[in-house]
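A.B. asks: I have a structure here, written as structure tokens, and I will follow up with some questions on it.
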Amino acid sequence: MAEPRSDTAIDEARRPAPRPGPGTYGLRLVVVSYLFLLVAWPVSLVARNTFADGLDSLRGLFADPDIVHALQLTLVVAVIAVIINTVFGVGMALLLVRGRFPGKRLLSALVDLPLSVSPIVVGLALTLVYGGRTGWFGPTLEAAGFRVIFATPGIVAATVFVALPLVIREVVPVLEELGTDQEQAAHSLGAGAVQTFRRITLPAIRWALVYGVVLSLARSLGEFGAVKVVSGNVSGHTRTATLVVEEQYLNFDRAGAFATAFLLALVAVSCFVVFSVLRPKESRS
Amino acid sequence: MSIVVSNVSKRFGGFVALDGVNVAIPTGQLTALLGPSGGGKSTLLRIVAGLERPDGGTVAIDGRDATALRPQHRNVGFVFQHYAAFKHLSVARNVAFGLEIRKRPKAEIRERVQQLLALVHLEPFADRLPSQLSGGQRQRMALARALAVEPSVLLLDEPFGALDAKVRRELREWLRRLHDEVAVTTVFVTHDQEEALEVADEIVVINEGRIEQVGAPDALYDAPTNEFVMRFLGPVTQLGGALVRPHDVAVIVEGPGGGVGAGPGGGLAGRIERIGRVGFEVRLEVWVQDGSARGQRVSATLTRTQFQGLGVSTGDAVWLRPSDGAPTLPAARHQDRGPVGTAAGTGTGAGAGAAALIAT
């Protein structure tokens, strides 16, 4: 089945590309300037401002223990959130693609909810449920010695919430295209469910999964609104890197704000760079 | 008996895929499940493999009730129409998969994979990925992979369905030879009657969730129990009140009386309407006026030599009757749509009528 397709692909590759006309160049100009004005230029200005006076502003960041703590907290929260979202995301994607149950479409829509709801709403909603004093479930947990809101678990929960659909939405189409033939073949060759998943399904979805993880990581590092509501923003305790940026910016510490923002962007961008270097050159299948 | 299927039923929603099927597959033979698309043959195969659960009935493999067994515990080899190659594994690793799952020693796996790749003529491709193989090669790899675990039965679901005609023929012959070498009980699903007749030791004809007939290819071809089996296994035409194969229609030129009606040997008189030559055979379409108001178009297939011996051309009068000993079935209903089955391509009934008027 792949054969005729690959033949036509070769034919298309051999066919000389039509000469680009003035329209094509015009379109390219629009796209490039759009991306430049909206993305590349502003982000590069952040980098330029960071290094305006050499490495001083970056050094200043690492000299402040509260900021170092905030960076560490952000990293820890992001990693935990990514792990949770990866495990849950793969399971959910399998359920959505392979499962047959009433309410599947509703569940699928629910998964997309975090993308459509403002993070600040997420934060407020979590506070309503897990808030230590007035929350629906919070006082019970707090009595058991487990604090959610104004503590790390709350920050993790908010981050997990906002990045929830990313892995699922990357993995679902690949699973759908994969079909069940290979898994059934593995079963008939004696492989159990776990072996089949590890040896057949996981390798087949690995690049979609890695991409989903990269997206989730970038999203988790950059989360601001939901975290601001649930964290309490206590410097040295529950203040994350994005909150530091806001704080510095509001306090006219522009150099510090740019430096922190630059660090956040650097980590996220390097994730994507590493991904595109690692990823095989051919198509994802 | 290697596989015994008893009273198996399966529905998909409102669609009845299998309706109380009973069949026994003999050990060591190559059996074809033959039938039209949607007839339930693939469902039956998948139930035997454990990939579908029957709504009722039992499946026994090698004398053991396997109805409740998961596919991984049935020890069956399954080959899919679209190969189901493990795309991220090399050909050798694909073949080794079942053995690796069974945690066989590495040296043994390597040796066994070598043997199997030799068996399917894929040794030079051991380190390639499935995407670098042709369809036929992929299917041979899938076959080697299924054989690696020494299954008690080998099940093939339309194994050559996705291949082009030439590769299909080659693989078909190759499968026959392979089966003579390995002699594992093999069941394959096909909707191609030629494939079934050519390859199988035994054919199970399935239609609309029921088994129509089981038997050796020759027995089915020569003695079909009903019209469906007769039509499905080969071209059929209607001569008078009987269904007969076009190559079993005897064409006689000289009649003593020359009149319409009974000719020599009780043949029916008709007029040649069209002569078509396809390779080594000649297909005649004869318009027969069988006494009743409506005529019928009968097709007859002759060899080139027979045809030349007759020396007839379009418009000539001939007499038709079934050859001696030819299998016939009474036609279920009188049809005026001329030849049926997969006989020579013809026009529509209306066009045929007009052609007949012009010819006479």
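Letters A, B, ... mark the chains of the structure tokens in the order given; residue numbers begin at 1 per chain; ligand numbers begin at 1, in order shown.
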Could you pull out the alpha helix (DSSP H) residues of stretch 146-198 of chain A, going by DSSP on the backbone, and write them as a PyMOL selection string?
C.D. replies: chain A and resi 152-178+181-188+193-196
A.B. asks: Starting from chain A, keep only residues with some atom at most 9 Å from an atom of chain B, counting only C-alpha atoms, and report them as a PDB file with C-alpha atoms, in the first residue's frame.
C.D. replies:
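Below is the file iface_10.pdb, written as the result:
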ATOM      1  CA  MET A   1       0.000   0.000   0.000  1.00  0.00           C
ATOM      2  CA  ALA A   2       2.916   2.305   0.629  1.00  0.00           C
ATOM      3  CA  GLU A   3       4.483   1.442  -2.679  1.00  0.00           C
ATOM      4  CA  THR A 180      -4.559  -1.870  15.243  1.00  0.00           C
ATOM      5  CA  ASP A 181      -3.014  -4.286  12.741  1.00  0.00           C
ATOM      6  CA  GLN A 182       0.492  -4.165  14.172  1.00  0.00           C
ATOM      7  CA  GLU A 183      -0.780  -4.560  17.718  1.00  0.00           C
ATOM      8  CA  GLN A 184      -2.959  -7.503  16.721  1.00  0.00           C
ATOM      9  CA  ALA A 185      -0.014  -9.060  14.926  1.00  0.00           C
ATOM     10  CA  ALA A 186       2.045  -8.688  18.104  1.00  0.00           C
ATOM     11  CA  HIS A 187      -0.750 -10.329  20.114  1.00  0.00           C
ATOM     12  CA  SER A 188      -0.944 -13.242  17.716  1.00  0.00           C
ATOM     13  CA  LEU A 189       2.837 -13.655  18.079  1.00  0.00           C
ATOM     14  CA  GLY A 190       2.406 -14.089  21.817  1.00  0.00           C
ATOM     15  CA  ALA A 191       2.939 -10.565  23.153  1.00  0.00           C
ATOM     16  CA  GLY A 192       0.791  -9.443  26.071  1.00  0.00           C
ATOM     17  CA  GLN A 195       4.873  -6.035  25.788  1.00  0.00           C
ATOM     18  CA  ILE A 200       5.100  -1.829  19.104  1.00  0.00           C
ATOM     19  CA  PRO A 203       8.029   3.131  19.157  1.00  0.00           C
ATOM     20  CA  ALA A 204       5.336   4.002  16.639  1.00  0.00           C
ATOM     21  CA  SER A 285       5.847   7.717   9.931  1.00  0.00           C
TER      22      SER A 285
END
A.B. asks: With a distance cut-off of 8 Å and only C-alpha atoms, select the neighbouring residues of A:Thr238, excluding the residue or stretch itself and same-chain residues fewer than 2 positions from it, and output the selection as a PyMOL selection string.
C.D. replies: chain A and resi 70+73+150-152+231-236+240
A.B. asks: Contacts of B:Pro224 at 9 Å or less, counting only C-alpha atoms, minus same-chain residues fewer than 2 places along, as an mmCIF file with C-alpha atoms, in the first residue's frame?
C.D. replies:
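Result went into out-v8.cif, see below:
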data_model
loop_
_atom_site.group_PDB
_atom_site.id
_atom_site.type_symbol
_atom_site.label_atom_id
_atom_site.label_comp_id
_atom_site.auth_asym_id
_atom_site.auth_seq_id
_atom_site.Cartn_x
_atom_site.Cartn_y
_atom_site.Cartn_z
ATOM 1 C CA GLN B 213 -20.537 -25.994 0.858
ATOM 2 C CA ALA B 219 -15.774 -31.622 -6.065
ATOM 3 C CA LEU B 220 -17.067 -28.092 -5.591
ATOM 4 C CA TYR B 221 -16.550 -27.201 -9.199
ATOM 5 C CA ASP B 222 -18.068 -30.397 -10.574
ATOM 6 C CA ASN B 226 -26.595 -24.936 -5.019
ATOM 7 C CA GLU B 227 -26.762 -22.088 -7.456
ATOM 8 C CA PHE B 228 -24.671 -19.761 -5.281
ATOM 9 C CA VAL B 229 -21.702 -22.116 -5.141
ATOM 10 C CA MET B 230 -21.951 -22.831 -8.843
ATOM 11 C CA LEU B 233 -16.821 -20.787 -8.475
ATOM 12 C CA PRO B 327 -22.763 -30.581 -14.040
ATOM 13 C CA THR B 328 -26.035 -28.720 -14.313
ATOM 14 C CA LEU B 329 -28.420 -27.266 -11.810
#
A.B. asks: Name the residues in contact with stretch 96-101 of chain A at a cut-off of 8 Å, using only C-alpha atoms, excluding same-chain residues fewer than 5 positions from it; report them as a PyMOL selection string.
C.D. replies: chain A and resi 108+172+175-176
A.B. asks: Quick check, in Å to one decimal: how far apart do atom CA of B:Asp201 and atom CA of B:Ala32 lie?
C.D. replies: 7.9 Å
